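For reference, start-v4.tsv (TSV, C-alpha atoms):
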chain	number	residue	atom	x	y	z
T	1	MET	CA	0.00	0.00	0.00
T	2	PHE	CA	2.79	2.42	0.94
T	3	GLN	CA	4.58	1.75	-2.36
T	4	ASN	CA	1.46	2.68	-4.33
T	5	LEU	CA	1.14	5.92	-2.34
T	6	LEU	CA	4.78	6.83	-3.13
T	7	LYS	CA	4.18	6.22	-6.83
T	8	LYS	CA	1.23	8.62	-6.76
T	9	LEU	CA	3.20	11.30	-4.88
T	10	LYS	CA	6.15	11.24	-7.26
T	11	LYS	CA	5.42	13.34	-10.33
T	12	LEU	CA	6.63	11.58	-13.43
T	13	THR	CA	8.20	13.76	-16.11
T	14	LYS	CA	7.40	12.96	-19.70
T	15	ARG	CA	10.32	11.49	-21.65
T	16	ARG	CA	10.54	13.48	-24.83
T	17	GLY	CA	11.60	11.89	-28.10
T	18	ARG	CA	11.03	8.24	-27.12
T	19	GLY	CA	8.09	7.45	-29.36
T	20	TYR	CA	4.39	8.10	-29.22
T	21	GLY	CA	3.96	6.04	-26.05
T	22	SER	CA	6.06	8.40	-23.95
T	23	GLY	CA	3.24	10.93	-23.69
T	24	LYS	CA	5.22	13.55	-25.56
T	25	GLY	CA	5.70	11.86	-28.87
T	26	GLY	CA	5.36	12.88	-32.43
T	27	HIS	CA	7.28	14.88	-34.97
T	28	THR	CA	9.19	17.50	-32.93
T	29	VAL	CA	8.39	16.02	-29.48
T	30	GLY	CA	8.27	19.36	-27.66
T	31	PHE	CA	11.64	20.67	-28.84
T	32	GLY	CA	10.25	23.04	-31.45
T	33	GLN	CA	11.41	23.21	-35.07
T	34	LYS	CA	15.05	23.54	-36.15
T	35	GLY	CA	17.95	25.04	-34.27
T	36	GLN	CA	20.65	24.54	-31.70
T	37	LYS	CA	18.29	23.61	-28.87
T	38	VAL	CA	16.78	20.79	-30.92
T	39	ARG	CA	19.98	18.95	-31.81
T	40	GLY	CA	22.16	16.84	-29.56
T	41	LYS	CA	22.00	17.78	-25.90
T	42	GLY	CA	20.40	21.05	-26.89
T	43	GLU	CA	22.38	23.10	-24.40
T	44	VAL	CA	23.56	26.63	-24.89
T	45	ARG	CA	26.37	27.50	-22.49
T	46	PRO	CA	25.67	30.21	-19.93
T	47	TYR	CA	26.26	33.81	-21.08
T	48	PHE	CA	26.45	32.72	-24.73
T	49	GLU	CA	24.92	35.48	-26.85
T	50	GLY	CA	24.57	33.75	-30.18
T	51	GLY	CA	27.93	34.78	-31.55
T	52	ASN	CA	27.84	38.41	-30.42
T	53	THR	CA	30.91	39.77	-28.66
T	54	PRO	CA	30.52	38.50	-25.08
T	55	PHE	CA	29.56	40.95	-22.38
T	56	HIS	CA	32.81	40.53	-20.47
T	57	ARG	CA	34.71	41.61	-23.60
T	58	ARG	CA	32.40	44.55	-24.41
T	59	ILE	CA	32.79	46.41	-21.11
T	60	PRO	CA	35.72	48.82	-20.62
T	61	LYS	CA	38.78	47.66	-18.74
T	62	TYR	CA	40.68	49.37	-15.96
T	63	ARG	CA	44.01	50.41	-17.38
T	64	GLY	CA	47.20	51.94	-16.04
T	65	ARG	CA	48.83	51.69	-12.65
T	66	GLY	CA	47.20	51.75	-9.28
T	67	PHE	CA	43.60	50.95	-10.09
T	68	LYS	CA	43.57	48.25	-7.40
T	69	GLY	CA	43.47	50.93	-4.74
T	70	LEU	CA	40.13	52.39	-5.79
T	71	ASP	CA	38.25	51.02	-2.81
T	72	ARG	CA	40.87	50.79	-0.12
T	73	TRP	CA	39.25	53.41	2.14
T	74	VAL	CA	36.18	53.33	4.33
T	75	SER	CA	35.19	56.99	4.57
T	76	VAL	CA	33.37	58.46	7.58
T	77	ASN	CA	31.99	62.00	7.48
T	78	ILE	CA	32.95	64.16	10.46
T	79	LYS	CA	29.41	65.63	10.62
T	80	TRP	CA	27.97	62.13	10.98
T	81	LEU	CA	30.53	61.41	13.69
T	82	ALA	CA	29.84	64.68	15.53
T	83	GLU	CA	26.11	63.86	15.74
T	84	ARG	CA	26.84	60.60	17.54
T	85	ILE	CA	29.48	61.80	20.02
T	86	THR	CA	27.91	63.49	23.04
T	87	GLU	CA	30.56	63.13	25.75
T	88	PRO	CA	33.82	65.14	25.66
T	89	ASP	CA	37.28	63.54	25.40
T	90	VAL	CA	36.10	60.42	23.58
T	91	VAL	CA	38.82	58.46	21.77
T	92	VAL	CA	37.70	57.64	18.23
T	93	ASP	CA	39.40	54.50	16.91
T	94	ILE	CA	38.39	51.54	14.79
T	95	PRO	CA	36.63	49.57	17.60
T	96	PHE	CA	34.68	52.71	18.51
T	97	LEU	CA	33.55	53.17	14.90
T	98	LYS	CA	32.48	49.52	14.73
T	99	GLN	CA	30.49	50.09	17.91
T	100	LEU	CA	28.72	52.99	16.15
T	101	GLY	CA	27.80	50.64	13.30
T	102	VAL	CA	30.41	51.43	10.64
T	103	ARG	CA	31.20	48.32	8.59
T	104	ILE	CA	34.96	48.03	8.06
T	105	PRO	CA	35.93	45.04	5.91
T	106	GLN	CA	39.23	43.33	6.57
T	107	GLY	CA	42.16	44.98	4.82
T	108	LYS	CA	40.51	48.37	4.40
T	109	LYS	CA	41.78	51.61	5.90
T	110	VAL	CA	39.55	54.18	7.58
T	111	ARG	CA	39.57	57.92	7.01
T	112	ILE	CA	37.56	60.78	8.45
T	113	TYR	CA	36.77	63.55	5.99
T	114	GLY	CA	34.83	66.80	5.80
T	115	LYS	CA	34.56	70.06	7.75
T	116	ALA	CA	32.21	70.80	10.62
T	117	GLU	CA	31.97	72.90	13.75
T	118	LEU	CA	32.29	70.42	16.58
T	119	LYS	CA	30.50	71.13	19.85
T	120	VAL	CA	32.29	68.35	21.69
T	121	PRO	CA	36.05	67.83	21.21
T	122	PHE	CA	37.29	64.29	20.67
T	123	GLU	CA	40.58	62.53	20.04
T	124	VAL	CA	41.37	60.32	17.02
T	125	LYS	CA	43.79	57.38	17.14
T	126	GLY	CA	44.89	55.14	14.27
T	127	ILE	CA	42.63	56.74	11.68
T	128	TYR	CA	43.67	58.93	8.75
T	129	LEU	CA	42.29	62.48	8.81
T	130	THR	CA	41.85	64.75	5.81
T	131	GLN	CA	43.05	68.32	6.14
T	132	GLY	CA	39.57	69.70	6.74
T	133	ALA	CA	38.76	67.12	9.40
T	134	ARG	CA	42.07	67.76	11.18
T	135	GLU	CA	41.36	71.52	11.26
T	136	SER	CA	37.85	70.92	12.61
T	137	ILE	CA	39.14	68.76	15.47
T	138	GLU	CA	41.93	71.23	16.33
T	139	ASN	CA	39.45	74.14	16.39
T	140	ALA	CA	37.17	72.20	18.74
T	141	LYS	CA	40.06	71.56	21.16
T	142	LYS	CA	40.96	75.29	21.23
T	143	ASP	CA	37.43	76.31	22.24
Kindly transcribe the structure held in the file into structure tokens.
Amino acid sequence: MFQNLLKKLKKLTKRRGRGYGSGKGGHTVGFGQKGQKVRGKGEVRPYFEGGNTPFHRRIPKYRGRGFKGLDRWVSVNIKWLAERITEPDVVVDIPFLKQLGVRIPQGKKVRIYGKAELKVPFEVKGIYLTQGARESIENAKKD
């Protein structure tokens, strides 16, 4: 009894091209008329565009020296940072930025950029500062 139930549960696929008794028989047996998909295995390899120049050869290439460094920085705006720092004399470093929710992938450097008037002075350790960000932090320490 259980075997009969399993046979009913399993959906049988029709075998194409094996005669009229297969349930999908006849002249073209579900493959359509002529063409590549009718003959042999009927497979077209992925990303094949029918003889056109492939996509990976059509797109422009990076040329010259140093293009590998395009995305080596994770940039943090000083205005965004100033909104989240409320206590004075906070040390801003990579663990602190991760605590704030900044995603820093492995092997990437962090930099703080931009200009802003800071209400609360803070200290930065182990992070690159642009000239504008450095001036903003120095001005906040003077006040």
Within 7 Å of Val74 of chain T using only C-alpha atoms, minus same-chain residues under 6 positions, as a PDB file with C-alpha atoms, in the coordinates of the input:
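Done, and the output landed in selection.pdb:
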ATOM      1  CA  ILE T 104      34.960  48.030   8.060  1.00  0.00           C
ATOM      2  CA  LYS T 108      40.510  48.370   4.400  1.00  0.00           C
ATOM      3  CA  LYS T 109      41.780  51.610   5.900  1.00  0.00           C
ATOM      4  CA  VAL T 110      39.550  54.180   7.580  1.00  0.00           C
ATOM      5  CA  ARG T 111      39.570  57.920   7.010  1.00  0.00           C
TER       6      ARG T 111
END
Counting only C-alpha atoms, the residue of T:Trp73, T:Val124, T:Asp93, T:Ile78 that sits nearest Gly107 of chain T: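 Selected residue with least distance to Gly107 of chain T: T:Trp73.
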When you draw a straight line from atom CA of Leu9 of chain T to atom CA of Lys41 of chain T, how long is it in Å?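 Computing the Euclidean distance for atom CA of Leu9 of chain T and atom CA of Lys41 of chain T yields 28.9 Å.
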Name the residues in contact with segment 128-132 of chain T at a cut-off of 6 Å, using only C-alpha atoms, excluding same-chain residues fewer than 3 positions from it; report them as number ranges by chain. T: 111-115, 135
Work out how far atom CA of Pro105 of chain T is from atom CA of His56 of chain T, in Å to one decimal.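 According to the coordinates, atom CA of His56 of chain T and atom CA of Pro105 of chain T are separated by 26.9 Å.
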Every residue with an atom at most 12 Å from (31.5, 62.0, 27.0) (file coordinates; all atoms listed in the file) is what I'm after, so could you write them as number ranges by chain? T: 82, 84-92, 119-123
Point out the residue among T:Pro60, T:Gly32, T:Gly25, T:Gly126 with the least atom-to-atom distance to Leu97 of chain T, counting all atoms listed in the file.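 Closest residue, counting all atoms listed in the file: T:Gly126.
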Do you know which residues are at most 9 Å from Leu100 of chain T counting all atoms listed in the file, after dropping those on the same chain fewer than 4 positions away, and could you put them as a VMD selection string? chain T and resid 81 84 95 to 96
Interatomic distance, atom CA of Phe2 of chain T to atom CA of Lys24 of chain T (Å, one decimal):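 Answer for the atom CA of Phe2 of chain T to atom CA of Lys24 of chain T separation: 28.8 Å.
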Taking into account all atoms listed in the file, which residue in the set T:Ala140, T:Leu118, T:Val76, T:Arg16 is nearest to Thr28 of chain T? T:Arg16
